[in-house]
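Shown here: start_17.pdb, PDB, C-alpha atoms.
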```
ATOM      1  CA  MET A   1       0.000   0.000   0.000
ATOM      2  CA  LYS A   2       1.350   3.426  -0.881
ATOM      3  CA  THR A   3      -0.223   5.058   2.157
ATOM      4  CA  LEU A   4      -2.462   4.271   5.100
ATOM      5  CA  ARG A   5      -4.110   7.687   5.028
ATOM      6  CA  ASP A   6      -7.896   7.309   5.288
ATOM      7  CA  LYS A   7      -7.642   3.517   4.917
ATOM      8  CA  ALA A   8     -10.173   1.442   6.898
ATOM      9  CA  ILE A   9      -8.274  -1.241   8.805
ATOM     10  CA  ILE A  10     -10.014  -3.850  10.970
ATOM     11  CA  ILE A  11      -8.116  -4.744  14.145
ATOM     12  CA  THR A  12      -9.227  -7.924  15.877
ATOM     13  CA  GLY A  13      -8.393  -8.621  19.508
ATOM     14  CA  ALA A  14      -8.566  -4.851  19.761
ATOM     15  CA  GLY A  15      -8.835  -4.734  23.531
ATOM     16  CA  GLY A  16      -5.380  -6.194  24.147
ATOM     17  CA  ALA A  17      -2.172  -4.424  25.134
ATOM     18  CA  ILE A  18      -0.452  -5.017  21.791
ATOM     19  CA  ALA A  19      -3.556  -3.872  19.936
ATOM     20  CA  GLY A  20      -3.457  -0.502  21.681
ATOM     21  CA  ALA A  21       0.003   0.202  20.275
ATOM     22  CA  VAL A  22      -1.037  -1.005  16.810
ATOM     23  CA  GLU A  23      -4.087   1.241  16.872
ATOM     24  CA  GLU A  24      -1.999   4.255  17.840
ATOM     25  CA  ALA A  25       0.550   3.547  15.104
ATOM     26  CA  LEU A  26      -2.181   3.226  12.479
ATOM     27  CA  MET A  27      -3.881   6.429  13.575
ATOM     28  CA  SER A  28      -0.547   8.272  13.495
ATOM     29  CA  ALA A  29      -0.213   7.076   9.887
ATOM     30  CA  GLY A  30      -3.654   8.453   9.057
ATOM     31  CA  ALA A  31      -5.598   5.180   8.978
ATOM     32  CA  ARG A  32      -9.141   4.623  10.252
ATOM     33  CA  PRO A  33      -9.023   1.602  12.576
ATOM     34  CA  ILE A  34     -12.192  -0.372  13.340
ATOM     35  CA  LEU A  35     -11.868  -2.142  16.683
ATOM     36  CA  VAL A  36     -13.209  -5.685  17.027
ATOM     37  CA  ASP A  37     -13.202  -7.790  20.193
ATOM     38  CA  ARG A  38     -15.445 -10.360  21.861
ATOM     39  CA  ASP A  39     -15.346  -8.343  25.097
ATOM     40  CA  ARG A  40     -17.378  -5.158  24.678
ATOM     41  CA  ILE A  41     -16.075  -3.677  27.918
ATOM     42  CA  ARG A  42     -12.440  -3.996  26.780
ATOM     43  CA  ILE A  43     -12.951  -2.004  23.595
ATOM     44  CA  GLN A  44     -15.787   0.403  24.336
ATOM     45  CA  GLY A  45     -13.634   2.780  26.397
ATOM     46  CA  ARG A  46     -10.689   2.523  24.026
ATOM     47  CA  ALA A  47     -12.867   3.200  20.995
ATOM     48  CA  SER A  48     -14.363   6.215  22.749
ATOM     49  CA  SER A  49     -10.954   7.659  23.628
ATOM     50  CA  TYR A  50      -9.673   7.108  20.083
ATOM     51  CA  ASP A  51     -12.982   8.196  18.518
ATOM     52  CA  THR A  52     -13.084   5.038  16.403
ATOM     53  CA  PRO A  53     -15.935   2.570  15.742
ATOM     54  CA  PHE A  54     -16.027  -0.759  17.546
ATOM     55  CA  ILE A  55     -17.798  -4.069  17.027
ATOM     56  CA  GLU A  56     -18.346  -6.856  19.520
ATOM     57  CA  ALA A  57     -17.879 -10.257  17.857
ATOM     58  CA  ASP A  58     -16.830 -13.783  18.769
ATOM     59  CA  LEU A  59     -14.658 -14.739  15.806
ATOM     60  CA  THR A  60     -14.484 -18.383  16.773
ATOM     61  CA  ARG A  61     -17.879 -18.429  15.006
ATOM     62  CA  PHE A  62     -17.712 -17.937  11.236
ATOM     63  CA  ALA A  63     -21.208 -16.439  11.097
ATOM     64  CA  GLU A  64     -20.110 -13.690  13.486
ATOM     65  CA  ALA A  65     -16.995 -13.026  11.392
ATOM     66  CA  GLN A  66     -19.180 -12.622   8.305
ATOM     67  CA  ALA A  67     -21.625 -10.367  10.143
ATOM     68  CA  MET A  68     -18.742  -8.249  11.447
ATOM     69  CA  VAL A  69     -17.357  -7.709   7.956
ATOM     70  CA  GLU A  70     -20.764  -6.761   6.564
ATOM     71  CA  ARG A  71     -21.325  -4.320   9.398
ATOM     72  CA  VAL A  72     -17.955  -2.683   8.769
ATOM     73  CA  ARG A  73     -18.784  -2.302   5.079
ATOM     74  CA  VAL A  74     -22.101  -0.646   5.924
ATOM     75  CA  GLU A  75     -20.801   1.642   8.665
ATOM     76  CA  ALA A  76     -17.248   2.427   7.518
ATOM     77  CA  GLY A  77     -17.282   1.803   3.774
ATOM     78  CA  PRO A  78     -14.799  -0.301   1.780
ATOM     79  CA  ILE A  79     -12.327  -2.333   3.850
ATOM     80  CA  ASP A  80      -8.634  -1.819   3.108
ATOM     81  CA  GLY A  81      -6.994  -4.104   5.620
ATOM     82  CA  LEU A  82      -7.082  -6.528   8.511
ATOM     83  CA  ILE A  83      -4.626  -6.883  11.377
ATOM     84  CA  HIS A  84      -5.442  -9.993  13.356
ATOM     85  CA  LEU A  85      -4.181  -9.996  16.943
ATOM     86  CA  ILE A  86      -6.344 -12.611  18.671
ATOM     87  CA  GLY A  87      -4.617 -15.495  20.443
ATOM     88  CA  ASP A  88      -4.475 -16.812  23.984
ATOM     89  CA  VAL A  89      -1.122 -17.789  25.465
ATOM     90  CA  VAL A  90      -1.036 -21.290  26.962
ATOM     91  CA  THR A  91       2.142 -22.498  28.651
ATOM     92  CA  GLY A  92       3.051 -25.642  30.536
ATOM     93  CA  ARG A  93       4.418 -29.112  29.989
ATOM     94  CA  VAL A  94       2.333 -31.536  27.962
ATOM     95  CA  LEU A  95       2.064 -33.828  31.001
ATOM     96  CA  ASP A  96       0.638 -30.987  33.090
ATOM     97  CA  LEU A  97      -1.753 -29.293  30.657
ATOM     98  CA  ASP A  98      -5.482 -29.822  30.832
ATOM     99  CA  PRO A  99      -6.758 -31.325  27.543
ATOM    100  CA  GLU A 100      -9.141 -28.356  27.237
ATOM    101  CA  ALA A 101      -6.081 -26.147  26.731
ATOM    102  CA  TYR A 102      -5.749 -27.537  23.209
ATOM    103  CA  ALA A 103      -9.139 -26.222  22.136
ATOM    104  CA  ARG A 104      -8.551 -22.842  23.772
ATOM    105  CA  VAL A 105      -5.178 -22.137  22.193
ATOM    106  CA  PHE A 106      -6.113 -23.380  18.715
ATOM    107  CA  ASP A 107      -9.577 -21.794  18.727
ATOM    108  CA  THR A 108      -8.286 -18.357  19.669
ATOM    109  CA  ASN A 109      -5.126 -18.368  17.562
ATOM    110  CA  VAL A 110      -5.991 -20.409  14.470
ATOM    111  CA  ARG A 111      -9.761 -20.738  14.160
ATOM    112  CA  THR A 112     -10.345 -16.991  14.572
ATOM    113  CA  LEU A 113      -7.673 -16.219  11.967
ATOM    114  CA  TYR A 114      -9.173 -18.623   9.442
ATOM    115  CA  HIS A 115     -12.717 -17.337   9.987
ATOM    116  CA  THR A 116     -11.756 -13.679   9.827
ATOM    117  CA  ALA A 117      -9.469 -14.011   6.823
ATOM    118  CA  LYS A 118     -12.073 -16.024   4.917
ATOM    119  CA  ALA A 119     -14.775 -13.466   5.733
ATOM    120  CA  VAL A 120     -12.743 -10.373   4.845
ATOM    121  CA  LEU A 121     -10.766 -11.525   1.798
ATOM    122  CA  PRO A 122     -13.544 -10.890  -0.761
ATOM    123  CA  ALA A 123     -13.695  -7.280   0.436
ATOM    124  CA  LEU A 124      -9.904  -6.876   0.310
ATOM    125  CA  LEU A 125      -9.702  -8.316  -3.205
ATOM    126  CA  GLU A 126     -12.086  -5.608  -4.404
ATOM    127  CA  ARG A 127      -9.612  -2.889  -3.444
ATOM    128  CA  GLU A 128      -6.847  -1.501  -5.639
ATOM    129  CA  GLU A 129      -4.455  -2.340  -2.797
ATOM    130  CA  ALA A 130      -5.005  -3.959   0.582
ATOM    131  CA  PHE A 131      -3.187  -5.545   3.523
ATOM    132  CA  LEU A 132      -3.626  -8.531   5.835
ATOM    133  CA  GLY A 133      -1.331  -8.929   8.822
ATOM    134  CA  GLY A 134      -1.099 -11.287  11.776
ATOM    135  CA  ILE A 135       1.056 -11.929  14.800
ATOM    136  CA  ALA A 136       2.943 -15.128  15.575
ATOM    137  CA  SER A 137       5.695 -15.680  18.159
ATOM    138  CA  ARG A 138       9.302 -16.660  18.737
ATOM    139  CA  GLU A 139       8.136 -20.249  19.133
ATOM    140  CA  GLY A 140       6.351 -20.074  15.788
ATOM    141  CA  PHE A 141       9.478 -18.664  14.118
ATOM    142  CA  LEU A 142      11.989 -21.123  15.583
ATOM    143  CA  GLY A 143       9.751 -24.186  15.735
ATOM    144  CA  GLY A 144       9.096 -24.680  19.437
ATOM    145  CA  ALA A 145      10.288 -24.300  23.003
ATOM    146  CA  ALA A 146      10.198 -26.427  26.135
ATOM    147  CA  GLY A 147       7.131 -25.732  28.222
ATOM    148  CA  SER A 148       5.135 -24.164  25.403
ATOM    149  CA  SER A 149       4.296 -27.092  23.145
ATOM    150  CA  LEU A 150       0.656 -26.167  22.487
ATOM    151  CA  PHE A 151       1.338 -22.446  22.114
ATOM    152  CA  ALA A 152       4.265 -23.136  19.771
ATOM    153  CA  ALA A 153       2.105 -25.462  17.685
ATOM    154  CA  ALA A 154      -0.707 -22.907  17.428
ATOM    155  CA  LYS A 155       1.576 -20.010  16.528
ATOM    156  CA  SER A 156       3.419 -22.182  14.005
ATOM    157  CA  ALA A 157       0.026 -22.908  12.453
ATOM    158  CA  VAL A 158      -0.729 -19.171  12.338
ATOM    159  CA  ALA A 159       2.560 -18.457  10.569
ATOM    160  CA  THR A 160       2.161 -21.339   8.111
ATOM    161  CA  PHE A 161      -1.422 -20.329   7.354
ATOM    162  CA  LEU A 162      -0.341 -16.781   6.517
ATOM    163  CA  ARG A 163       2.656 -17.934   4.444
ATOM    164  CA  SER A 164       0.362 -20.200   2.433
ATOM    165  CA  LEU A 165      -2.252 -17.466   2.088
ATOM    166  CA  ASP A 166       0.434 -15.181   0.709
ATOM    167  CA  LEU A 167       1.104 -17.734  -2.031
ATOM    168  CA  GLU A 168      -2.624 -18.074  -2.761
ATOM    169  CA  LEU A 169      -2.835 -14.310  -3.233
ATOM    170  CA  GLU A 170      -0.050 -14.169  -5.821
ATOM    171  CA  GLY A 171      -1.194 -11.950  -8.667
ATOM    172  CA  SER A 172      -3.423  -9.871  -6.389
ATOM    173  CA  THR A 173      -2.620  -6.563  -4.705
ATOM    174  CA  VAL A 174      -3.296  -7.863  -1.179
ATOM    175  CA  GLY A 175      -0.120  -7.819   0.879
ATOM    176  CA  VAL A 176       0.419 -10.323   3.707
ATOM    177  CA  SER A 177       2.794  -9.918   6.651
ATOM    178  CA  ILE A 178       3.581 -11.860   9.821
ATOM    179  CA  ILE A 179       5.090 -10.113  12.838
ATOM    180  CA  PHE A 180       7.146 -12.351  15.145
ATOM    181  CA  PRO A 181       7.891 -10.988  18.635
ATOM    182  CA  MET A 182      11.134 -12.826  19.420
ATOM    183  CA  GLY A 183      10.738 -12.587  23.168
ATOM    184  CA  PRO A 184       8.328 -11.385  25.870
ATOM    185  CA  VAL A 185       6.408  -8.224  25.026
ATOM    186  CA  ASP A 186       6.167  -5.380  27.523
ATOM    187  CA  THR A 187       2.633  -5.885  28.854
ATOM    188  CA  MET A 188       1.352  -5.739  32.416
ATOM    189  CA  THR A 189       0.744  -9.497  32.297
ATOM    190  CA  ASN A 190       4.339 -10.234  31.289
ATOM    191  CA  ARG A 191       5.740  -7.824  33.861
ATOM    192  CA  ARG A 192       3.819  -9.681  36.557
ATOM    193  CA  SER A 193       4.443 -13.212  35.322
ATOM    194  CA  THR A 194       8.032 -13.251  34.066
ATOM    195  CA  HIS A 195      11.376 -12.768  35.747
ATOM    196  CA  THR A 196      12.761 -10.982  32.704
ATOM    197  CA  ASP A 197      14.510  -7.660  33.155
ATOM    198  CA  PRO A 198      11.891  -5.026  32.119
ATOM    199  CA  ASP A 199      14.579  -3.277  30.082
ATOM    200  CA  THR A 200      14.751  -6.301  27.765
ATOM    201  CA  LEU A 201      11.002  -6.619  27.104
ATOM    202  CA  ILE A 202       9.868  -5.764  23.577
ATOM    203  CA  ASP A 203       8.092  -2.410  23.468
ATOM    204  CA  THR A 204       4.567  -2.757  22.078
ATOM    205  CA  ALA A 205       5.159   0.418  20.061
ATOM    206  CA  SER A 206       7.775  -1.410  17.976
ATOM    207  CA  LEU A 207       5.140  -3.977  16.970
ATOM    208  CA  GLY A 208       2.722  -1.236  15.942
ATOM    209  CA  GLU A 209       5.441   0.439  13.880
ATOM    210  CA  ALA A 210       6.294  -2.894  12.256
ATOM    211  CA  PHE A 211       2.723  -3.362  11.053
ATOM    212  CA  VAL A 212       2.696   0.145   9.560
ATOM    213  CA  ILE A 213       6.015  -0.465   7.795
ATOM    214  CA  ALA A 214       4.815  -3.836   6.491
ATOM    215  CA  ALA A 215       1.529  -2.422   5.238
ATOM    216  CA  THR A 216       3.221   0.424   3.382
ATOM    217  CA  ALA A 217       6.093  -1.570   1.888
ATOM    218  CA  GLY A 218       6.858  -0.475  -1.643
ATOM    219  CA  ARG A 219       6.091  -2.374  -4.808
ATOM    220  CA  GLY A 220       9.769  -3.245  -5.185
ATOM    221  CA  GLY A 221       9.687  -5.683  -2.281
ATOM    222  CA  ARG A 222       7.413  -7.345   0.283
ATOM    223  CA  LEU A 223       7.864  -7.772   4.014
ATOM    224  CA  LEU A 224       6.307 -11.179   4.575
ATOM    225  CA  GLU A 225       8.042 -12.119   7.842
ATOM    226  CA  ILE A 226       9.327  -9.568  10.341
ATOM    227  CA  PRO A 227      11.014 -10.812  13.530
ATOM    228  CA  ILE A 228      11.182  -8.172  16.274
ATOM    229  CA  TYR A 229      13.956  -8.890  18.773
ATOM    230  CA  PRO A 230      14.212  -7.638  22.359
ATOM    231  CA  PRO A 231      16.424  -4.626  23.001
ATOM    232  CA  ARG A 232      19.999  -5.338  23.948
ATOM    233  CA  ARG A 233      20.718  -5.419  27.662
ATOM    234  CA  PRO A 234      22.845  -2.346  28.466
ATOM    235  CA  ARG A 235      26.354  -3.166  29.644
ATOM    236  CA  LYS A 236      27.067  -2.278  33.227
ATOM    237  CA  THR A 237      29.892   0.172  33.663
ATOM    238  CA  LEU A 238      32.518  -0.607  36.279
TER     239      LEU A 238
END
```
Can the structure in the file be given as structure tokens, please?
Amino acid sequence: MKTLRDKAIIITGAGGAIAGAVEEALMSAGARPILVDRDRIRIQGRASSYDTPFIEADLTRFAEAQAMVERVRVEAGPIDGLIHLIGDVVTGRVLDLDPEAYARVFDTNVRTLYHTAKAVLPALLEREEAFLGGIASREGFLGGAAGSSLFAAAKSAVATFLRSLDLELEGSTVGVSIIFPMGPVDTMTNRRSTHTDPDTLIDTASLGEAFVIAATAGRGGRLLEIPIYPPRRPRKTL
């Protein structure tokens, strides 16, 4: 896409910490984000503060994904892009995980992506240029990690789905990009639950900037996969 100015971009999982940074980056670039989340309370206040429309939808249900897309088309006009940020984190050893964890991690990460992409693609293909982006993880980039087998499998599926979709869209003007945070992201949840030095957490703003850069990549090249690494730990001076 040459520019994001006045482009209508759907953001799913819009109530999350990463989504807030993505929304701010898009608005700074002139885009018109439409916030979508299954939790109305999480997005209503954010949409009000940003003065953007919001839609409550459970995207594990394809009918709701279709209804969401139709509502966006009616209320916001043609759709220029989708940034899909839904996905629960499930950690733990296989021996310790509840079998229900499988459904939760794959439903939120993979099923919602498939439903939303399938629902929105016809609208994106109508545009002169459009963008579809998603978020994976370090585990999805490298192939796995001890203690995160289910999460790694789900995020690997997300990445493979988007890589394959990119090949399906060859010959179209719909760009596809996958952002890979290559370490813990600086969210309140991670600050509470990890022992990582806060100075080495990935700033959510860098993920928002990465989506803007990916969406506006020039015709001379495409940014399909973008790994975002943690900042370097500053050396202590003696």
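CA of Arg40 (chain A) sits 24.0 Å away from CA of Val185 (chain A).
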Name the residues in contact with Phe141 (chain A) at a cut-off of 8 Å, using all atoms listed in the file, excluding same-chain residues fewer than 4 positions from it; report them as a PDB file with C-alpha atoms, in the coordinates of the input.
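Result written to around31.pdb:
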```pdb
ATOM      1  CA  ALA A 136       2.943 -15.128  15.575  1.00  0.00           C
ATOM      2  CA  SER A 137       5.695 -15.680  18.159  1.00  0.00           C
ATOM      3  CA  SER A 156       3.419 -22.182  14.005  1.00  0.00           C
ATOM      4  CA  ALA A 159       2.560 -18.457  10.569  1.00  0.00           C
ATOM      5  CA  PHE A 180       7.146 -12.351  15.145  1.00  0.00           C
TER       6      PHE A 180
END
```
Evaluate the PyMOL selection byres ((chain A and resi 210) around 12) and record the selected residues as a count of residues only, following the chain and residue labels used in the document.
35
Smallest atom-to-atom distance to Lys155 (chain A): which of A:Ala63, A:Leu124, A:Ala103, A:Leu142, using only C-alpha atoms?
A:Leu142
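Counting only C-alpha atoms and comparing A:Ser149, A:Ser172, A:Thr12, A:Thr189, the residue that lies closest to Arg93 (chain A) is A:Ser149.
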Edge lengths and centre in Å, axis-aligned, region 121-133 of chain A plus 5 Å each side, as lines of an AutoDock Vina configuration file:
```
center_x = -7.5
center_y = -6.5
center_z = 1.6
size_x = 22.4
size_y = 20.0
size_z = 24.5
```
Rounded to one decimal in Å, what is the spacing between CA of Ala57 (chain A) and CA of Ala157 (chain A)?
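So the two atoms, CA of Ala57 (chain A) and CA of Ala157 (chain A), lie 22.6 Å apart.
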Please list as a list in words every residue within 9 Å of Phe62 (chain A), counting only C-alpha atoms and excluding residues in the same chain fewer than 4 positions away.
Asp58, Gln66, Ala67, Arg111, Thr112, Tyr114, His115, Thr116, Lys118 and Ala119 of chain A
Would you work out the distance separating CA of Pro198 (chain A) from CA of Asn109 (chain A), expressed in Å to one decimal?
26.1 Å
Write out as an mmCIF file with C-alpha atoms, in the coordinates of the input which residues come within 8 Å of Pro78 (chain A) when counting all atoms listed in the file, dropping same-chain ones fewer than 3 positions away.
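The resulting selection04.cif:
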```cif
data_model
loop_
_atom_site.group_PDB
_atom_site.id
_atom_site.type_symbol
_atom_site.label_atom_id
_atom_site.label_comp_id
_atom_site.auth_asym_id
_atom_site.auth_seq_id
_atom_site.Cartn_x
_atom_site.Cartn_y
_atom_site.Cartn_z
ATOM 1 C CA ALA A 8 -10.173 1.442 6.898
ATOM 2 C CA ARG A 73 -18.784 -2.302 5.079
ATOM 3 C CA ALA A 123 -13.695 -7.280 0.436
ATOM 4 C CA ARG A 127 -9.612 -2.889 -3.444
#
```
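Matched in the shown structure by the PyMOL selection byres ((chain A and resi 184) around 7): Gly183, Val185, Asp186, Asn190, Leu201 and Ile202 of chain A.
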Residues from last step as file, C-alpha atoms, as an mmCIF file, in the coordinates of the input:
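As written to disk, out_16.cif reads:
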```cif
data_model
loop_
_atom_site.group_PDB
_atom_site.id
_atom_site.type_symbol
_atom_site.label_atom_id
_atom_site.label_comp_id
_atom_site.auth_asym_id
_atom_site.auth_seq_id
_atom_site.Cartn_x
_atom_site.Cartn_y
_atom_site.Cartn_z
ATOM 1 C CA GLY A 183 10.738 -12.587 23.168
ATOM 2 C CA VAL A 185 6.408 -8.224 25.026
ATOM 3 C CA ASP A 186 6.167 -5.380 27.523
ATOM 4 C CA ASN A 190 4.339 -10.234 31.289
ATOM 5 C CA LEU A 201 11.002 -6.619 27.104
ATOM 6 C CA ILE A 202 9.868 -5.764 23.577
#
```
Contacts of Ile43 (chain A) at 10 Å (all atoms listed in the file; same-chain gap of 6+ positions) as a PyMOL selection string:
chain A and resi 13-16+20+35-37+49+53-56
Output file for the residues above (C-alpha atoms, as an mmCIF file, in the coordinates of the input):
```cif
data_model
loop_
_atom_site.group_PDB
_atom_site.id
_atom_site.type_symbol
_atom_site.label_atom_id
_atom_site.label_comp_id
_atom_site.auth_asym_id
_atom_site.auth_seq_id
_atom_site.Cartn_x
_atom_site.Cartn_y
_atom_site.Cartn_z
ATOM 1 C CA GLY A 13 -8.393 -8.621 19.508
ATOM 2 C CA ALA A 14 -8.566 -4.851 19.761
ATOM 3 C CA GLY A 15 -8.835 -4.734 23.531
ATOM 4 C CA GLY A 16 -5.380 -6.194 24.147
ATOM 5 C CA GLY A 20 -3.457 -0.502 21.681
ATOM 6 C CA LEU A 35 -11.868 -2.142 16.683
ATOM 7 C CA VAL A 36 -13.209 -5.685 17.027
ATOM 8 C CA ASP A 37 -13.202 -7.790 20.193
ATOM 9 C CA SER A 49 -10.954 7.659 23.628
ATOM 10 C CA PRO A 53 -15.935 2.570 15.742
ATOM 11 C CA PHE A 54 -16.027 -0.759 17.546
ATOM 12 C CA ILE A 55 -17.798 -4.069 17.027
ATOM 13 C CA GLU A 56 -18.346 -6.856 19.520
#
```
Pick from A:Gly81, A:Arg233, A:Val176, A:Ile86 nearest to Ser164 (chain A), counting all atoms listed in the file:
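Closest to Ser164 (chain A) of all the choices is A:Val176.
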Taking into account all atoms listed in the file, which residue in the set A:Ala117, A:Val174, A:Ala19, A:Ile79 is nearest to Met1 (chain A)?
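Of A:Ala117, A:Val174, A:Ala19, A:Ile79, the one nearest Met1 (chain A), counting all atoms listed in the file, is A:Val174.
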With distances taken over only C-alpha atoms, which of A:Val69, A:Met27, A:Leu95, A:Met188 is nearest to Asp51 (chain A)?
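Among the listed residues, the smallest separation from Asp51 (chain A) belongs to A:Met27.
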Tell me which of A:Glu64, A:Arg232, A:Asp6, A:Ala101 sits closest to Asp197 (chain A), counting all atoms listed in the file.
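For Asp197 (chain A), the nearest of the candidates is A:Arg232.
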Your completed region 97-119 of chain A with N, CA and C atoms, as a compact mmCIF listing (two decimals), keeping the file's coordinate frame:
```
# COMPACT_ATOMS: atom_id res chain seq x y z
N LEU A 97 -0.68 -30.10 31.23
CA LEU A 97 -1.75 -29.29 30.66
C LEU A 97 -3.09 -30.03 30.67
N ASP A 98 -4.13 -29.29 30.93
CA ASP A 98 -5.48 -29.82 30.83
C ASP A 98 -5.81 -30.02 29.35
N PRO A 99 -6.42 -31.12 28.96
CA PRO A 99 -6.76 -31.32 27.54
C PRO A 99 -7.58 -30.20 26.94
N GLU A 100 -8.35 -29.47 27.76
CA GLU A 100 -9.14 -28.36 27.24
C GLU A 100 -8.26 -27.22 26.74
N ALA A 101 -6.99 -27.20 27.18
CA ALA A 101 -6.08 -26.15 26.73
C ALA A 101 -5.87 -26.20 25.22
N TYR A 102 -5.93 -27.40 24.66
CA TYR A 102 -5.75 -27.54 23.21
C TYR A 102 -6.80 -26.74 22.46
N ALA A 103 -8.06 -26.93 22.83
CA ALA A 103 -9.14 -26.22 22.14
C ALA A 103 -9.00 -24.72 22.32
N ARG A 104 -8.64 -24.28 23.52
CA ARG A 104 -8.55 -22.84 23.77
C ARG A 104 -7.46 -22.18 22.94
N VAL A 105 -6.27 -22.79 22.89
CA VAL A 105 -5.18 -22.14 22.19
C VAL A 105 -5.36 -22.20 20.68
N PHE A 106 -5.91 -23.30 20.16
CA PHE A 106 -6.11 -23.38 18.72
C PHE A 106 -7.35 -22.60 18.26
N ASP A 107 -8.39 -22.57 19.08
CA ASP A 107 -9.58 -21.79 18.73
C ASP A 107 -9.25 -20.31 18.65
N THR A 108 -8.55 -19.79 19.65
CA THR A 108 -8.29 -18.36 19.67
C THR A 108 -7.23 -17.94 18.66
N ASN A 109 -6.21 -18.76 18.47
CA ASN A 109 -5.13 -18.37 17.56
C ASN A 109 -5.41 -18.71 16.10
N VAL A 110 -5.90 -19.92 15.85
CA VAL A 110 -5.99 -20.41 14.47
C VAL A 110 -7.41 -20.30 13.91
N ARG A 111 -8.39 -20.77 14.67
CA ARG A 111 -9.76 -20.74 14.16
C ARG A 111 -10.22 -19.30 13.88
N THR A 112 -9.92 -18.37 14.79
CA THR A 112 -10.34 -16.99 14.57
C THR A 112 -9.66 -16.39 13.35
N LEU A 113 -8.39 -16.73 13.13
CA LEU A 113 -7.67 -16.22 11.97
C LEU A 113 -8.30 -16.74 10.68
N TYR A 114 -8.56 -18.03 10.64
CA TYR A 114 -9.17 -18.62 9.44
C TYR A 114 -10.54 -18.00 9.17
N HIS A 115 -11.38 -17.90 10.18
CA HIS A 115 -12.72 -17.34 9.99
C HIS A 115 -12.65 -15.89 9.51
N THR A 116 -11.81 -15.10 10.16
CA THR A 116 -11.76 -13.68 9.83
C THR A 116 -11.15 -13.45 8.45
N ALA A 117 -10.08 -14.16 8.15
CA ALA A 117 -9.47 -14.01 6.82
C ALA A 117 -10.44 -14.43 5.73
N LYS A 118 -11.12 -15.54 5.91
CA LYS A 118 -12.07 -16.02 4.92
C LYS A 118 -13.21 -15.02 4.72
N ALA A 119 -13.67 -14.41 5.82
CA ALA A 119 -14.78 -13.47 5.73
C ALA A 119 -14.37 -12.15 5.06
```
